[in-house]
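A.B. asks: Dropping in start.tsv, which is TSV, C-alpha atoms:
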chain	number	residue	atom	x	y	z
A	1	MET	CA	60.43	106.43	124.93
A	2	GLU	CA	60.71	107.19	128.56
A	3	CYS	CA	59.21	104.96	131.23
A	4	LYS	CA	57.59	106.91	134.02
A	5	ASN	CA	56.95	103.88	136.14
A	6	PRO	CA	59.87	101.53	136.96
A	7	ASN	CA	57.49	98.55	136.77
A	8	ASP	CA	56.76	99.37	133.10
A	9	TYR	CA	60.47	99.25	132.37
A	10	PHE	CA	60.79	95.90	134.11
A	11	ARG	CA	57.78	94.44	132.25
A	12	ARG	CA	59.15	95.54	128.88
A	13	ASN	CA	62.55	94.03	129.60
A	14	LEU	CA	60.94	90.83	130.81
A	15	ALA	CA	58.83	90.64	127.65
A	16	ILE	CA	61.93	91.11	125.49
A	17	VAL	CA	63.85	88.45	127.41
A	18	LEU	CA	60.96	85.99	127.15
A	19	PHE	CA	60.57	86.71	123.42
A	20	ARG	CA	64.29	86.08	122.84
A	21	GLU	CA	64.10	82.79	124.72
A	22	HIS	CA	61.07	81.79	122.66
A	23	VAL	CA	62.87	82.61	119.39
A	24	ARG	CA	65.99	80.73	120.49
A	25	GLY	CA	63.87	77.70	121.37
A	26	CYS	CA	62.17	77.79	117.95
A	27	VAL	CA	65.51	78.11	116.18
A	28	LYS	CA	66.96	75.20	118.15
A	29	LEU	CA	63.94	73.05	117.32
A	30	CYS	CA	64.18	73.93	113.61
A	31	ILE	CA	67.88	73.08	113.56
A	32	GLU	CA	67.24	69.74	115.27
A	33	LYS	CA	64.51	68.87	112.74
A	34	ALA	CA	66.74	69.84	109.82
A	35	MET	CA	69.64	67.77	111.18
A	36	LYS	CA	67.37	64.76	111.70
A	37	LYS	CA	66.01	65.07	108.16
A	38	TYR	CA	69.56	65.41	106.77
A	39	GLU	CA	70.75	62.32	108.67
A	40	GLU	CA	67.76	60.30	107.40
A	41	GLU	CA	68.49	61.37	103.82
A	42	GLN	CA	72.15	60.42	104.19
A	43	LEU	CA	71.16	57.04	105.59
A	44	LYS	CA	68.80	56.44	102.66
A	45	LYS	CA	71.58	57.28	100.21
A	46	ARG	CA	74.00	54.74	101.62
A	47	ILE	CA	71.59	51.86	102.29
A	48	GLY	CA	72.68	48.79	100.35
A	49	PRO	CA	70.60	46.59	98.04
A	50	GLY	CA	69.55	44.37	100.93
A	51	GLY	CA	68.39	47.29	103.07
A	52	LEU	CA	71.40	47.34	105.39
A	53	ASP	CA	73.64	50.27	106.29
A	54	PRO	CA	77.22	49.55	105.16
A	55	VAL	CA	78.67	51.74	107.91
A	56	GLU	CA	76.92	49.74	110.62
A	57	ILE	CA	77.94	46.45	109.02
A	58	TYR	CA	81.55	47.59	108.65
A	59	GLU	CA	81.67	48.63	112.32
A	60	SER	CA	80.23	45.28	113.41
A	61	PHE	CA	82.94	43.22	111.68
A	62	PRO	CA	85.06	41.03	113.93
A	63	GLY	CA	88.84	40.82	113.88
A	64	GLU	CA	90.68	41.62	110.67
A	65	LEU	CA	87.67	42.06	108.36
A	66	PRO	CA	87.59	45.88	108.56
A	67	LYS	CA	91.29	46.01	107.62
A	68	CYS	CA	90.57	43.87	104.55
A	69	PHE	CA	88.08	46.41	103.27
A	70	ASP	CA	90.41	49.29	104.14
A	71	VAL	CA	93.25	47.93	102.00
A	72	LYS	CA	90.83	46.73	99.26
A	73	ASP	CA	92.76	43.54	98.70
A	74	VAL	CA	90.73	40.44	97.85
A	75	GLN	CA	93.53	38.07	98.82
A	76	VAL	CA	93.74	39.59	102.32
A	77	LEU	CA	89.97	39.24	102.61
A	78	GLN	CA	90.08	35.60	101.53
A	79	ASP	CA	92.83	34.89	104.05
A	80	ALA	CA	90.85	36.51	106.87
A	81	ILE	CA	87.68	34.63	105.94
A	82	SER	CA	89.52	31.30	105.73
A	83	LYS	CA	90.47	31.70	109.41
A	84	MET	CA	86.83	32.18	110.46
A	85	ASP	CA	84.18	29.60	111.30
A	86	LEU	CA	82.06	28.60	108.28
A	87	ALA	CA	78.78	29.80	109.82
A	88	ASP	CA	80.32	33.16	110.75
A	89	THR	CA	81.81	33.47	107.29
A	90	LYS	CA	78.44	32.88	105.60
A	91	HIS	CA	76.76	35.35	107.94
A	92	HIS	CA	79.30	38.12	107.32
A	93	VAL	CA	79.38	37.54	103.56
A	94	GLU	CA	75.57	37.83	103.45
A	95	LEU	CA	75.79	41.07	105.45
A	96	CYS	CA	78.43	42.39	103.05
A	97	ILE	CA	76.27	41.64	100.04
A	98	ASP	CA	73.07	43.05	101.58
A	99	SER	CA	74.84	46.25	102.60
A	100	GLY	CA	76.55	46.72	99.25
A	101	LEU	CA	80.07	46.39	100.66
A	102	TRP	CA	80.61	43.41	98.37
A	103	VAL	CA	79.12	42.95	94.91
A	104	PRO	CA	79.31	39.28	93.93
A	105	ASN	CA	80.27	38.54	90.34
A	106	SER	CA	80.79	42.20	89.54
A	107	LYS	CA	83.09	41.35	86.62
A	108	SER	CA	80.55	38.95	85.15
A	109	CYS	CA	77.88	41.66	85.51
A	110	GLU	CA	80.09	44.04	83.52
A	111	ALA	CA	80.54	41.36	80.86
A	112	LYS	CA	76.77	40.85	80.63
A	113	GLU	CA	76.25	44.60	80.23
A	114	LYS	CA	78.72	44.62	77.36
A	115	GLU	CA	76.90	41.70	75.70
A	116	GLU	CA	73.54	43.43	76.12
A	117	ALA	CA	74.93	46.66	74.66
A	118	GLY	CA	74.91	45.15	71.19
A	119	PRO	CA	77.42	43.78	68.74
A	120	GLY	CA	80.48	45.90	68.23
A	121	GLU	CA	79.69	48.49	70.92
A	122	HIS	CA	82.38	47.10	73.21
A	123	LEU	CA	84.88	47.96	70.47
A	124	LEU	CA	83.96	51.62	70.78
A	125	GLU	CA	85.45	51.67	74.26
A	126	ALA	CA	88.92	51.05	72.79
A	127	VAL	CA	88.66	53.93	70.28
A	128	PRO	CA	90.40	57.01	71.69
A	129	LYS	CA	88.34	60.17	71.99
A	130	PRO	CA	89.49	63.21	69.99
A	131	GLU	CA	90.54	65.06	73.14
A	132	ASP	CA	92.62	62.04	74.18
A	133	GLU	CA	94.65	62.06	70.95
A	134	LYS	CA	98.01	63.75	71.12
A	135	ASP	CA	99.29	66.16	68.50
A	136	VAL	CA	102.02	64.20	66.72
A	137	SER	CA	102.68	66.82	64.02
A	138	ARG	CA	105.37	68.55	66.04
Would you encode the structure as structure tokens?
C.D. replies:
Amino acid sequence: MECKNPNDYFRRNLAIVLFREHVRGCVKLCIEKAMKKYEEEQLKKRIGPGGLDPVEIYESFPGELPKCFDVKDVQVLQDAISKMDLADTKHHVELCIDSGLWVPNSKSCEAKEKEEAGPGEHLLEAVPKPEDEKDVSR
């Protein structure tokens, strides 16, 4: 299509440029909404039983506490906590529990689950599965 008037050509180009800018703006807005929704979903997934974000709690720890969780050693954690003030210790332990970083009595909870499972069901855990058995006929 040939433009007889140079102003027509300019108007068409301007309309195309404006349309592209509009589309880019819409795409940017859609991406921002999707990212915000994704971040909210990720936050909901990691929220602990007390409604706290474990990442935020971990980042707020003073001193050696983050290292204790990094190495996953209870003794190191107990040593670090013993050096802290009692009020601070209680506060941080409550935060750990509410965020899910620490599950108190987790071993006793597992024992209760085994008791609730019924008599003899805990013995089934010790029985090897057929795919776990090795061929000893050779």
A.B. asks: Can you measure atom CA of Val74 of chain A to atom CA of Gly50 of chain A for me? One decimal in Å is fine.
C.D. replies: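 Atom-to-atom, atom CA of Val74 of chain A and atom CA of Gly50 of chain A are spaced 21.8 Å apart.
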A.B. asks: What's the separation between atom CA of Ser60 of chain A and atom CA of Asp85 of chain A, in Å to one decimal place?
C.D. replies: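 Computed distance, atom CA of Ser60 of chain A to atom CA of Asp85 of chain A, equals 16.3 Å.
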A.B. asks: Please return as number ranges by chain every residue within 10 Å of (81.5, 35.5, 106.5), taking into account only C-alpha atoms and the file's own coordinates.
C.D. replies: A: 61-62, 65, 78, 80-82, 84-96
A.B. asks: If I take atom CA of Gln75 of chain A and atom CA of Tyr58 of chain A, how far is one from the other in Å, to one decimal?
C.D. replies: 18.2 Å
A.B. asks: Could I see segment 71-82 of chain A restored to all heavy atoms, set down as a PDB file, keeping the file's coordinate frame?
C.D. replies:
ATOM      1  N   VAL A  71      92.160  48.071 102.972  1.00  0.00           N
ATOM      2  CA  VAL A  71      93.250  47.930 102.000  1.00  0.00           C
ATOM      3  C   VAL A  71      92.740  47.523 100.623  1.00  0.00           C
ATOM      4  O   VAL A  71      93.491  47.569  99.648  1.00  0.00           O
ATOM      5  CB  VAL A  71      94.324  46.924 102.480  1.00  0.00           C
ATOM      6  CG1 VAL A  71      94.990  47.406 103.741  1.00  0.00           C
ATOM      7  CG2 VAL A  71      93.752  45.544 102.667  1.00  0.00           C
ATOM      8  N   LYS A  72      91.473  47.105 100.533  1.00  0.00           N
ATOM      9  CA  LYS A  72      90.830  46.730  99.260  1.00  0.00           C
ATOM     10  C   LYS A  72      91.620  45.653  98.521  1.00  0.00           C
ATOM     11  O   LYS A  72      91.863  45.740  97.331  1.00  0.00           O
ATOM     12  CB  LYS A  72      90.656  47.968  98.373  1.00  0.00           C
ATOM     13  CG  LYS A  72      89.768  49.010  98.995  1.00  0.00           C
ATOM     14  CD  LYS A  72      89.663  50.229  98.120  1.00  0.00           C
ATOM     15  CE  LYS A  72      88.826  51.280  98.818  1.00  0.00           C
ATOM     16  NZ  LYS A  72      88.747  52.517  98.081  1.00  0.00           N
ATOM     17  N   ASP A  73      92.007  44.641  99.275  1.00  0.00           N
ATOM     18  CA  ASP A  73      92.760  43.540  98.700  1.00  0.00           C
ATOM     19  C   ASP A  73      91.956  42.254  98.894  1.00  0.00           C
ATOM     20  O   ASP A  73      91.698  41.825 100.025  1.00  0.00           O
ATOM     21  CB  ASP A  73      94.128  43.430  99.390  1.00  0.00           C
ATOM     22  CG  ASP A  73      95.036  42.414  98.717  1.00  0.00           C
ATOM     23  OD1 ASP A  73      94.569  41.697  97.805  1.00  0.00           O
ATOM     24  OD2 ASP A  73      96.218  42.355  99.100  1.00  0.00           O
ATOM     25  N   VAL A  74      91.547  41.640  97.797  1.00  0.00           N
ATOM     26  CA  VAL A  74      90.730  40.440  97.850  1.00  0.00           C
ATOM     27  C   VAL A  74      91.475  39.283  98.501  1.00  0.00           C
ATOM     28  O   VAL A  74      90.891  38.513  99.264  1.00  0.00           O
ATOM     29  CB  VAL A  74      90.259  40.047  96.424  1.00  0.00           C
ATOM     30  CG1 VAL A  74      89.470  38.752  96.450  1.00  0.00           C
ATOM     31  CG2 VAL A  74      89.427  41.153  95.812  1.00  0.00           C
ATOM     32  N   GLN A  75      92.752  39.164  98.244  1.00  0.00           N
ATOM     33  CA  GLN A  75      93.530  38.070  98.820  1.00  0.00           C
ATOM     34  C   GLN A  75      93.571  38.172 100.348  1.00  0.00           C
ATOM     35  O   GLN A  75      93.412  37.164 101.045  1.00  0.00           O
ATOM     36  CB  GLN A  75      94.962  38.055  98.254  1.00  0.00           C
ATOM     37  CG  GLN A  75      95.783  36.872  98.722  1.00  0.00           C
ATOM     38  CD  GLN A  75      95.162  35.540  98.319  1.00  0.00           C
ATOM     39  OE1 GLN A  75      94.684  35.366  97.216  1.00  0.00           O
ATOM     40  NE2 GLN A  75      95.152  34.591  99.252  1.00  0.00           N
ATOM     41  N   VAL A  76      93.739  39.388 100.867  1.00  0.00           N
ATOM     42  CA  VAL A  76      93.740  39.590 102.320  1.00  0.00           C
ATOM     43  C   VAL A  76      92.378  39.214 102.895  1.00  0.00           C
ATOM     44  O   VAL A  76      92.279  38.589 103.951  1.00  0.00           O
ATOM     45  CB  VAL A  76      94.125  41.049 102.667  1.00  0.00           C
ATOM     46  CG1 VAL A  76      94.012  41.307 104.154  1.00  0.00           C
ATOM     47  CG2 VAL A  76      95.524  41.359 102.177  1.00  0.00           C
ATOM     48  N   LEU A  77      91.324  39.585 102.180  1.00  0.00           N
ATOM     49  CA  LEU A  77      89.970  39.240 102.610  1.00  0.00           C
ATOM     50  C   LEU A  77      89.768  37.731 102.620  1.00  0.00           C
ATOM     51  O   LEU A  77      89.233  37.174 103.583  1.00  0.00           O
ATOM     52  CB  LEU A  77      88.944  39.910 101.692  1.00  0.00           C
ATOM     53  CG  LEU A  77      87.482  39.636 101.992  1.00  0.00           C
ATOM     54  CD1 LEU A  77      87.097  40.167 103.369  1.00  0.00           C
ATOM     55  CD2 LEU A  77      86.597  40.243 100.922  1.00  0.00           C
ATOM     56  N   GLN A  78      90.220  37.058 101.588  1.00  0.00           N
ATOM     57  CA  GLN A  78      90.080  35.600 101.530  1.00  0.00           C
ATOM     58  C   GLN A  78      90.866  34.927 102.644  1.00  0.00           C
ATOM     59  O   GLN A  78      90.395  33.952 103.243  1.00  0.00           O
ATOM     60  CB  GLN A  78      90.541  35.087 100.163  1.00  0.00           C
ATOM     61  CG  GLN A  78      89.599  35.446  99.044  1.00  0.00           C
ATOM     62  CD  GLN A  78      90.132  35.079  97.674  1.00  0.00           C
ATOM     63  OE1 GLN A  78      91.317  34.800  97.509  1.00  0.00           O
ATOM     64  NE2 GLN A  78      89.249  35.086  96.681  1.00  0.00           N
ATOM     65  N   ASP A  79      92.040  35.454 102.948  1.00  0.00           N
ATOM     66  CA  ASP A  79      92.830  34.890 104.050  1.00  0.00           C
ATOM     67  C   ASP A  79      92.125  35.057 105.385  1.00  0.00           C
ATOM     68  O   ASP A  79      92.096  34.145 106.204  1.00  0.00           O
ATOM     69  CB  ASP A  79      94.225  35.541 104.098  1.00  0.00           C
ATOM     70  CG  ASP A  79      95.078  35.180 102.896  1.00  0.00           C
ATOM     71  OD1 ASP A  79      94.760  34.185 102.203  1.00  0.00           O
ATOM     72  OD2 ASP A  79      96.059  35.913 102.642  1.00  0.00           O
ATOM     73  N   ALA A  80      91.556  36.241 105.609  1.00  0.00           N
ATOM     74  CA  ALA A  80      90.850  36.510 106.870  1.00  0.00           C
ATOM     75  C   ALA A  80      89.615  35.625 106.994  1.00  0.00           C
ATOM     76  O   ALA A  80      89.327  35.087 108.066  1.00  0.00           O
ATOM     77  CB  ALA A  80      90.470  37.977 106.961  1.00  0.00           C
ATOM     78  N   ILE A  81      88.895  35.459 105.912  1.00  0.00           N
ATOM     79  CA  ILE A  81      87.680  34.630 105.940  1.00  0.00           C
ATOM     80  C   ILE A  81      88.024  33.164 106.139  1.00  0.00           C
ATOM     81  O   ILE A  81      87.302  32.433 106.812  1.00  0.00           O
ATOM     82  CB  ILE A  81      86.862  34.857 104.645  1.00  0.00           C
ATOM     83  CG1 ILE A  81      86.199  36.225 104.703  1.00  0.00           C
ATOM     84  CG2 ILE A  81      85.836  33.770 104.437  1.00  0.00           C
ATOM     85  CD1 ILE A  81      85.410  36.597 103.484  1.00  0.00           C
ATOM     86  N   SER A  82      89.146  32.710 105.586  1.00  0.00           N
ATOM     87  CA  SER A  82      89.520  31.300 105.730  1.00  0.00           C
ATOM     88  C   SER A  82      89.826  30.944 107.189  1.00  0.00           C
ATOM     89  O   SER A  82      89.725  29.789 107.578  1.00  0.00           O
ATOM     90  CB  SER A  82      90.723  30.972 104.846  1.00  0.00           C
ATOM     91  OG  SER A  82      91.879  31.647 105.305  1.00  0.00           O
TER      92      SER A  82
END
